[in-house]
Amino acid sequence: MRKQGQTFGKGFHDGLPILLGYLSVAFAFGMLGTEQGFPFWAPTLISLTSFTGTGQFVGVTMLANGVALLEITITIFIINIRYFLMSLSLSQKLEDGMPLWQRMIVAFGNTDEIFAVSMQQKGLLNFRYMIGLILSAYSGWVLGTVIGSVASSILPQAIVSALGIAIFAMFIAIIIPPAKHSKPIVIVVLIAVAMSCMFKYVPGLNQVSSGWAVIICGVTASLIGALRYPVLHTAYPDKETGEAEQ
Amino acid sequence: MNLTRLFLCVLLMAAASYLPRVVPIAVFRKKIRNPYVQSFLSYMPYAVLGAMTFPDILYSTSSMLSALAGLAVALLLSYFEKGLMPAALGATAAVFIVEQVSRLAAG
């Protein structure tokens, strides 16, 4: 039954809110790139190959400021270490027997937002669905960068500013519905949010880079959740329902 | 701008972005059966998304007032399970309206 739902089209459709959010973020990235004196094609090349938000902003800024390449690489790696957790989580939700080359393509598309949306799906994920989801988000990311770096006056500033909240609103729409039905999720989220606020506001702690902060918050909160409420739920509904493989 | 340095940097950035994503997916190809690890991994998305959303959402627009309006709309629409797109669009619209109104009010 559940396999029918996971088509390329469904994936692409599920990726539309990400596409929307990415347009504005990538637009800002494209603008930043040209403002810092890069050739107009450079931000797009970076968006095509890196496909990661914060890392790209930081990387381009550092590059423009003449920072050493090794230092740039290490910084971006640290910012992106959180993906290690997400990919580990996603690896458990991919269909059994998915070939390595398909896994490697899915890994490229495992951004925060794609991860979030794919984790919402019931059952295991197949390649067609993931490709639809990734292509939808990726096109928003690349298109936004192109528009931003070529013509930064197309979108009125007021709309760019308003779109800044789109991704966060989407995250909230992912967290709240399951939280309504699961006390452990509420507790895990509250712990993570409280810790994240500490990393933002508490002197000393706010020196920790945002990449590490997310990892520490994510690991601690989920660890507490796993130790206190070790139950199988939402992320692995196939085991919950005992649904037979067709 | 030195083109060699630029291309080299693009390459290194791509590697530093891809490596952390591909290693776990390529290595963990069997399902983990330990219930504690499973629970940990199933709570992880919510913990990470929560930590990434708060408090950063408050600084995602031109003013904290408009961000709060967007946050309120997002919470409301999510509570009634309206889906991702309505939440994203609703919050964006709320921010846009509040920013335009406060601009007019400021004269």
# chains A, B, ... in the order shown; residues from 1 in each chain; ligands from 1
>>> residues_around(residues="stretch 12-14 of chain B", least_positions_apart="5", cutoff="12 Å", atoms="only C-alpha atoms", output="ChimeraX atom specification")
/A:45-60,62-63,68-80,108 /B:5-7,19-22
>>> write_last_selection(atoms="N, CA, C and O atoms", output="compact mmCIF listing (two decimals), in the first residue's frame")
# COMPACT_ATOMS: atom_id res chain seq x y z
N LEU A 45 27.86 28.09 -9.28
CA LEU A 45 28.72 26.90 -9.28
C LEU A 45 28.81 26.31 -7.87
O LEU A 45 28.76 25.09 -7.68
N ILE A 46 28.91 27.20 -6.87
CA ILE A 46 28.99 26.73 -5.49
C ILE A 46 27.67 26.09 -5.06
O ILE A 46 27.65 25.03 -4.44
N SER A 47 26.54 26.71 -5.44
CA SER A 47 25.24 26.14 -5.09
C SER A 47 25.03 24.78 -5.75
O SER A 47 24.46 23.87 -5.17
N LEU A 48 25.51 24.65 -6.98
CA LEU A 48 25.38 23.38 -7.71
C LEU A 48 26.18 22.27 -7.05
O LEU A 48 25.74 21.12 -7.01
N THR A 49 27.36 22.59 -6.52
CA THR A 49 28.25 21.55 -6.02
C THR A 49 28.16 21.33 -4.51
O THR A 49 28.36 20.22 -4.04
N SER A 50 27.88 22.40 -3.74
CA SER A 50 27.87 22.24 -2.28
C SER A 50 26.48 21.91 -1.76
O SER A 50 26.31 21.06 -0.90
N PHE A 51 25.47 22.62 -2.25
CA PHE A 51 24.08 22.41 -1.87
C PHE A 51 23.92 22.37 -0.35
O PHE A 51 23.43 21.41 0.21
N THR A 52 24.40 23.41 0.31
CA THR A 52 24.24 23.53 1.75
C THR A 52 24.19 25.01 2.11
O THR A 52 24.94 25.81 1.56
N GLY A 53 23.26 25.36 3.00
CA GLY A 53 23.02 26.77 3.28
C GLY A 53 24.14 27.50 3.99
O GLY A 53 24.95 28.19 3.36
N THR A 54 24.20 27.33 5.30
CA THR A 54 25.15 28.08 6.12
C THR A 54 26.59 27.94 5.61
O THR A 54 27.33 28.92 5.54
N GLY A 55 26.97 26.73 5.27
CA GLY A 55 28.33 26.46 4.81
C GLY A 55 28.71 27.35 3.65
O GLY A 55 29.83 27.88 3.59
N GLN A 56 27.79 27.54 2.71
CA GLN A 56 28.09 28.35 1.53
C GLN A 56 28.28 29.83 1.90
O GLN A 56 29.19 30.48 1.41
N PHE A 57 27.41 30.34 2.74
CA PHE A 57 27.52 31.74 3.16
C PHE A 57 28.88 31.98 3.83
O PHE A 57 29.59 32.92 3.52
N VAL A 58 29.20 31.08 4.76
CA VAL A 58 30.44 31.23 5.49
C VAL A 58 31.64 31.08 4.56
O VAL A 58 32.59 31.87 4.59
N GLY A 59 31.58 30.07 3.69
CA GLY A 59 32.69 29.81 2.78
C GLY A 59 32.99 30.98 1.87
O GLY A 59 34.14 31.39 1.71
N VAL A 60 31.95 31.54 1.26
CA VAL A 60 32.13 32.65 0.32
C VAL A 60 32.68 33.88 1.04
O VAL A 60 33.57 34.57 0.54
N MET A 62 34.47 33.92 3.79
CA MET A 62 35.87 33.68 4.14
C MET A 62 36.76 33.78 2.91
O MET A 62 37.85 34.37 2.96
N LEU A 63 36.31 33.23 1.81
CA LEU A 63 37.10 33.26 0.58
C LEU A 63 37.34 34.70 0.14
O LEU A 63 38.46 35.08 -0.24
N ALA A 68 42.78 31.36 4.43
CA ALA A 68 43.45 30.18 3.84
C ALA A 68 42.45 29.08 3.53
O ALA A 68 41.48 28.87 4.26
N LEU A 69 42.70 28.35 2.44
CA LEU A 69 41.76 27.31 1.98
C LEU A 69 41.55 26.22 3.01
O LEU A 69 40.43 25.73 3.20
N LEU A 70 42.63 25.84 3.71
CA LEU A 70 42.51 24.77 4.69
C LEU A 70 41.55 25.18 5.81
O LEU A 70 40.69 24.42 6.24
N GLU A 71 41.70 26.44 6.22
CA GLU A 71 40.85 26.95 7.29
C GLU A 71 39.39 26.99 6.84
O GLU A 71 38.48 26.65 7.60
N ILE A 72 39.17 27.40 5.60
CA ILE A 72 37.80 27.43 5.05
C ILE A 72 37.22 26.02 5.05
O ILE A 72 36.09 25.79 5.50
N THR A 73 38.01 25.07 4.58
CA THR A 73 37.53 23.69 4.47
C THR A 73 37.17 23.13 5.84
O THR A 73 36.11 22.53 6.01
N ILE A 74 38.04 23.35 6.82
CA ILE A 74 37.77 22.83 8.17
C ILE A 74 36.52 23.48 8.76
O ILE A 74 35.67 22.80 9.34
N THR A 75 36.40 24.79 8.58
CA THR A 75 35.23 25.49 9.12
C THR A 75 33.94 24.92 8.52
O THR A 75 32.97 24.64 9.23
N ILE A 76 33.93 24.75 7.20
CA ILE A 76 32.73 24.24 6.54
C ILE A 76 32.44 22.81 6.99
O ILE A 76 31.29 22.43 7.21
N PHE A 77 33.50 22.04 7.16
CA PHE A 77 33.32 20.68 7.64
C PHE A 77 32.66 20.67 9.01
O PHE A 77 31.73 19.91 9.28
N ILE A 78 33.12 21.56 9.89
CA ILE A 78 32.55 21.63 11.24
C ILE A 78 31.09 22.05 11.18
O ILE A 78 30.23 21.47 11.85
N ILE A 79 30.80 23.06 10.34
CA ILE A 79 29.41 23.50 10.19
C ILE A 79 28.54 22.32 9.72
O ILE A 79 27.39 22.18 10.10
N ASN A 80 29.12 21.47 8.88
CA ASN A 80 28.34 20.40 8.25
C ASN A 80 28.37 19.08 9.00
O ASN A 80 27.76 18.12 8.56
N PHE A 108 23.84 13.27 -1.28
CA PHE A 108 24.13 14.62 -1.75
C PHE A 108 22.96 15.56 -1.45
O PHE A 108 23.14 16.73 -1.13
N ARG B 5 42.40 29.71 -7.23
CA ARG B 5 42.00 29.67 -5.83
C ARG B 5 40.48 29.48 -5.71
O ARG B 5 40.00 28.70 -4.88
N LEU B 6 39.75 30.16 -6.56
CA LEU B 6 38.29 30.05 -6.55
C LEU B 6 37.84 28.62 -6.84
O LEU B 6 37.05 28.04 -6.09
N PHE B 7 38.38 28.03 -7.92
CA PHE B 7 37.97 26.68 -8.29
C PHE B 7 38.37 25.67 -7.21
O PHE B 7 37.61 24.76 -6.87
N LEU B 19 31.08 14.93 2.31
CA LEU B 19 31.62 13.86 3.15
C LEU B 19 30.76 13.50 4.36
O LEU B 19 30.42 12.32 4.55
N PRO B 20 30.39 14.49 5.20
CA PRO B 20 29.60 14.13 6.38
C PRO B 20 28.24 13.54 6.00
O PRO B 20 27.63 12.83 6.78
N ARG B 21 27.76 13.85 4.79
CA ARG B 21 26.46 13.33 4.39
C ARG B 21 26.55 11.92 3.83
O ARG B 21 25.66 11.11 4.03
N VAL B 22 27.63 11.66 3.11
CA VAL B 22 27.66 10.39 2.39
C VAL B 22 28.18 9.24 3.24
O VAL B 22 27.75 8.10 3.10
>>> residues_around(residues="stretch 34-40 of chain B", least_positions_apart="3", cutoff="12 Å", atoms="only C-alpha atoms", output="PyMOL selection string")
(chain A and resi 85-86+88-93+184-185+188+218-237+239) or (chain B and resi 31+43-48)
>>> atom_distance(atom1="atom CA of A:Ser149", atom2="atom CA of A:Val106")
27.2 Å
>>> closest_residue(among="B:Val101, B:Leu71, B:Leu65, B:Ala106", to="chain A", atoms="only C-alpha atoms")
B:Leu71
>>> select_by_dssp(residues="stretch 32-104 of chain B", states="helix (DSSP H, G or I)", output="number ranges by chain")
B: 35-53, 56-59, 64-79, 84-104
>>> atom_distance(atom1="atom CA of A:Trp212", atom2="atom CA of A:Ala116")
18.9 Å
>>> residues_around(residues="A:Asn206", least_positions_apart="6", cutoff="12 Å", atoms="only C-alpha atoms", output="list in words")
Met195, Ser196, Cys197, Met198, Phe199, Lys200, Trp212 and Ala213 of chain A
>>> closest_residue(among="B:Thr4, B:Ser63, B:Gln100, B:Ser78", to="chain A", atoms="only C-alpha atoms")
B:Ser78
>>> closest_residue(among="A:Leu94, A:Pro178, A:Thr145, A:Arg103", to="A:Gly123", atoms="only C-alpha atoms")
A:Leu94
>>> residues_around(residues="B:Phe80", least_positions_apart="4", cutoff="10 Å", atoms="only C-alpha atoms", output="ChimeraX atom specification")
/A:173,176-177,180 /B:75-76
>>> atom_distance(atom1="atom CA of A:Phe84", atom2="atom CA of A:Gln120")
18.8 Å
>>> closest_residue(among="A:Arg82, A:Ala169, A:Ile215, A:Leu124", to="B:Ser17", atoms="only C-alpha atoms")
A:Arg82
>>> closest_residue(among="A:Ala137, A:Leu20, A:Leu143, A:Val150", to="chain B", atoms="only C-alpha atoms")
A:Leu20
>>> residues_around(residues="B:Ala88", least_positions_apart="4", cutoff="7 Å", atoms="only C-alpha atoms", output="compact mmCIF listing (two decimals) with C-alpha atoms, in the first residue's frame")
# COMPACT_ATOMS: atom_id res chain seq x y z
CA PRO A 17 7.64 24.31 0.32
CA ALA A 166 9.44 30.28 5.34
CA ILE A 167 11.93 27.52 6.16
CA ALA A 169 7.69 27.88 9.55
CA MET A 170 8.09 24.64 7.65
CA LEU B 84 3.97 22.48 5.36
CA THR B 92 5.54 34.63 5.11
>>> residues_around(residues="B:Gly90", least_positions_apart="4", cutoff="9 Å", atoms="only C-alpha atoms", output="JSON, numbers by chain")
{"A": [166, 169], "B": [70, 73, 74, 77, 85, 86, 94, 95]}
>>> write_last_selection(atoms="N, CA, C and O atoms", output="PDB file, in the first residue's frame")
ATOM      1  N   ALA A 166      10.141  31.429   5.936  1.00  0.00           N
ATOM      2  CA  ALA A 166       9.441  30.282   5.337  1.00  0.00           C
ATOM      3  C   ALA A 166       9.990  28.927   5.806  1.00  0.00           C
ATOM      4  O   ALA A 166       9.226  28.040   6.191  1.00  0.00           O
ATOM      5  N   ALA A 169       9.117  28.222   9.415  1.00  0.00           N
ATOM      6  CA  ALA A 169       7.694  27.882   9.547  1.00  0.00           C
ATOM      7  C   ALA A 169       7.472  26.427   9.138  1.00  0.00           C
ATOM      8  O   ALA A 169       6.691  25.704   9.755  1.00  0.00           O
TER       9      ALA A 169
ATOM     10  N   GLY B  70       4.933  35.990  12.366  1.00  0.00           N
ATOM     11  CA  GLY B  70       5.094  34.809  11.520  1.00  0.00           C
ATOM     12  C   GLY B  70       5.133  33.537  12.341  1.00  0.00           C
ATOM     13  O   GLY B  70       4.518  32.530  11.981  1.00  0.00           O
ATOM     14  N   VAL B  73       1.610  32.599  13.516  1.00  0.00           N
ATOM     15  CA  VAL B  73       0.815  32.002  12.432  1.00  0.00           C
ATOM     16  C   VAL B  73       1.291  30.578  12.145  1.00  0.00           C
ATOM     17  O   VAL B  73       0.487  29.662  11.974  1.00  0.00           O
ATOM     18  N   ALA B  74       2.618  30.388  12.127  1.00  0.00           N
ATOM     19  CA  ALA B  74       3.165  29.048  11.864  1.00  0.00           C
ATOM     20  C   ALA B  74       2.720  28.062  12.944  1.00  0.00           C
ATOM     21  O   ALA B  74       2.321  26.933  12.650  1.00  0.00           O
ATOM     22  N   LEU B  77      -1.157  27.342  12.453  1.00  0.00           N
ATOM     23  CA  LEU B  77      -1.445  26.481  11.297  1.00  0.00           C
ATOM     24  C   LEU B  77      -0.906  25.065  11.522  1.00  0.00           C
ATOM     25  O   LEU B  77      -1.527  24.084  11.122  1.00  0.00           O
ATOM     26  N   MET B  85       3.237  23.611   3.339  1.00  0.00           N
ATOM     27  CA  MET B  85       3.123  24.756   2.438  1.00  0.00           C
ATOM     28  C   MET B  85       2.262  25.873   3.041  1.00  0.00           C
ATOM     29  O   MET B  85       2.699  27.016   3.067  1.00  0.00           O
ATOM     30  N   PRO B  86       1.047  25.570   3.545  1.00  0.00           N
ATOM     31  CA  PRO B  86       0.254  26.632   4.166  1.00  0.00           C
ATOM     32  C   PRO B  86       0.991  27.293   5.329  1.00  0.00           C
ATOM     33  O   PRO B  86       0.922  28.518   5.485  1.00  0.00           O
ATOM     34  N   ALA B  94       2.169  36.735   6.958  1.00  0.00           N
ATOM     35  CA  ALA B  94       2.053  37.474   8.221  1.00  0.00           C
ATOM     36  C   ALA B  94       3.228  38.429   8.392  1.00  0.00           C
ATOM     37  O   ALA B  94       3.053  39.598   8.770  1.00  0.00           O
ATOM     38  N   VAL B  95       4.430  37.948   8.088  1.00  0.00           N
ATOM     39  CA  VAL B  95       5.622  38.802   8.204  1.00  0.00           C
ATOM     40  C   VAL B  95       5.503  39.989   7.254  1.00  0.00           C
ATOM     41  O   VAL B  95       5.737  41.144   7.631  1.00  0.00           O
TER      42      VAL B  95
END
>>> closest_residue(among="A:Leu163, A:Val142, A:Val193, A:Leu135", to="B:Ala67", atoms="only C-alpha atoms")
A:Leu163
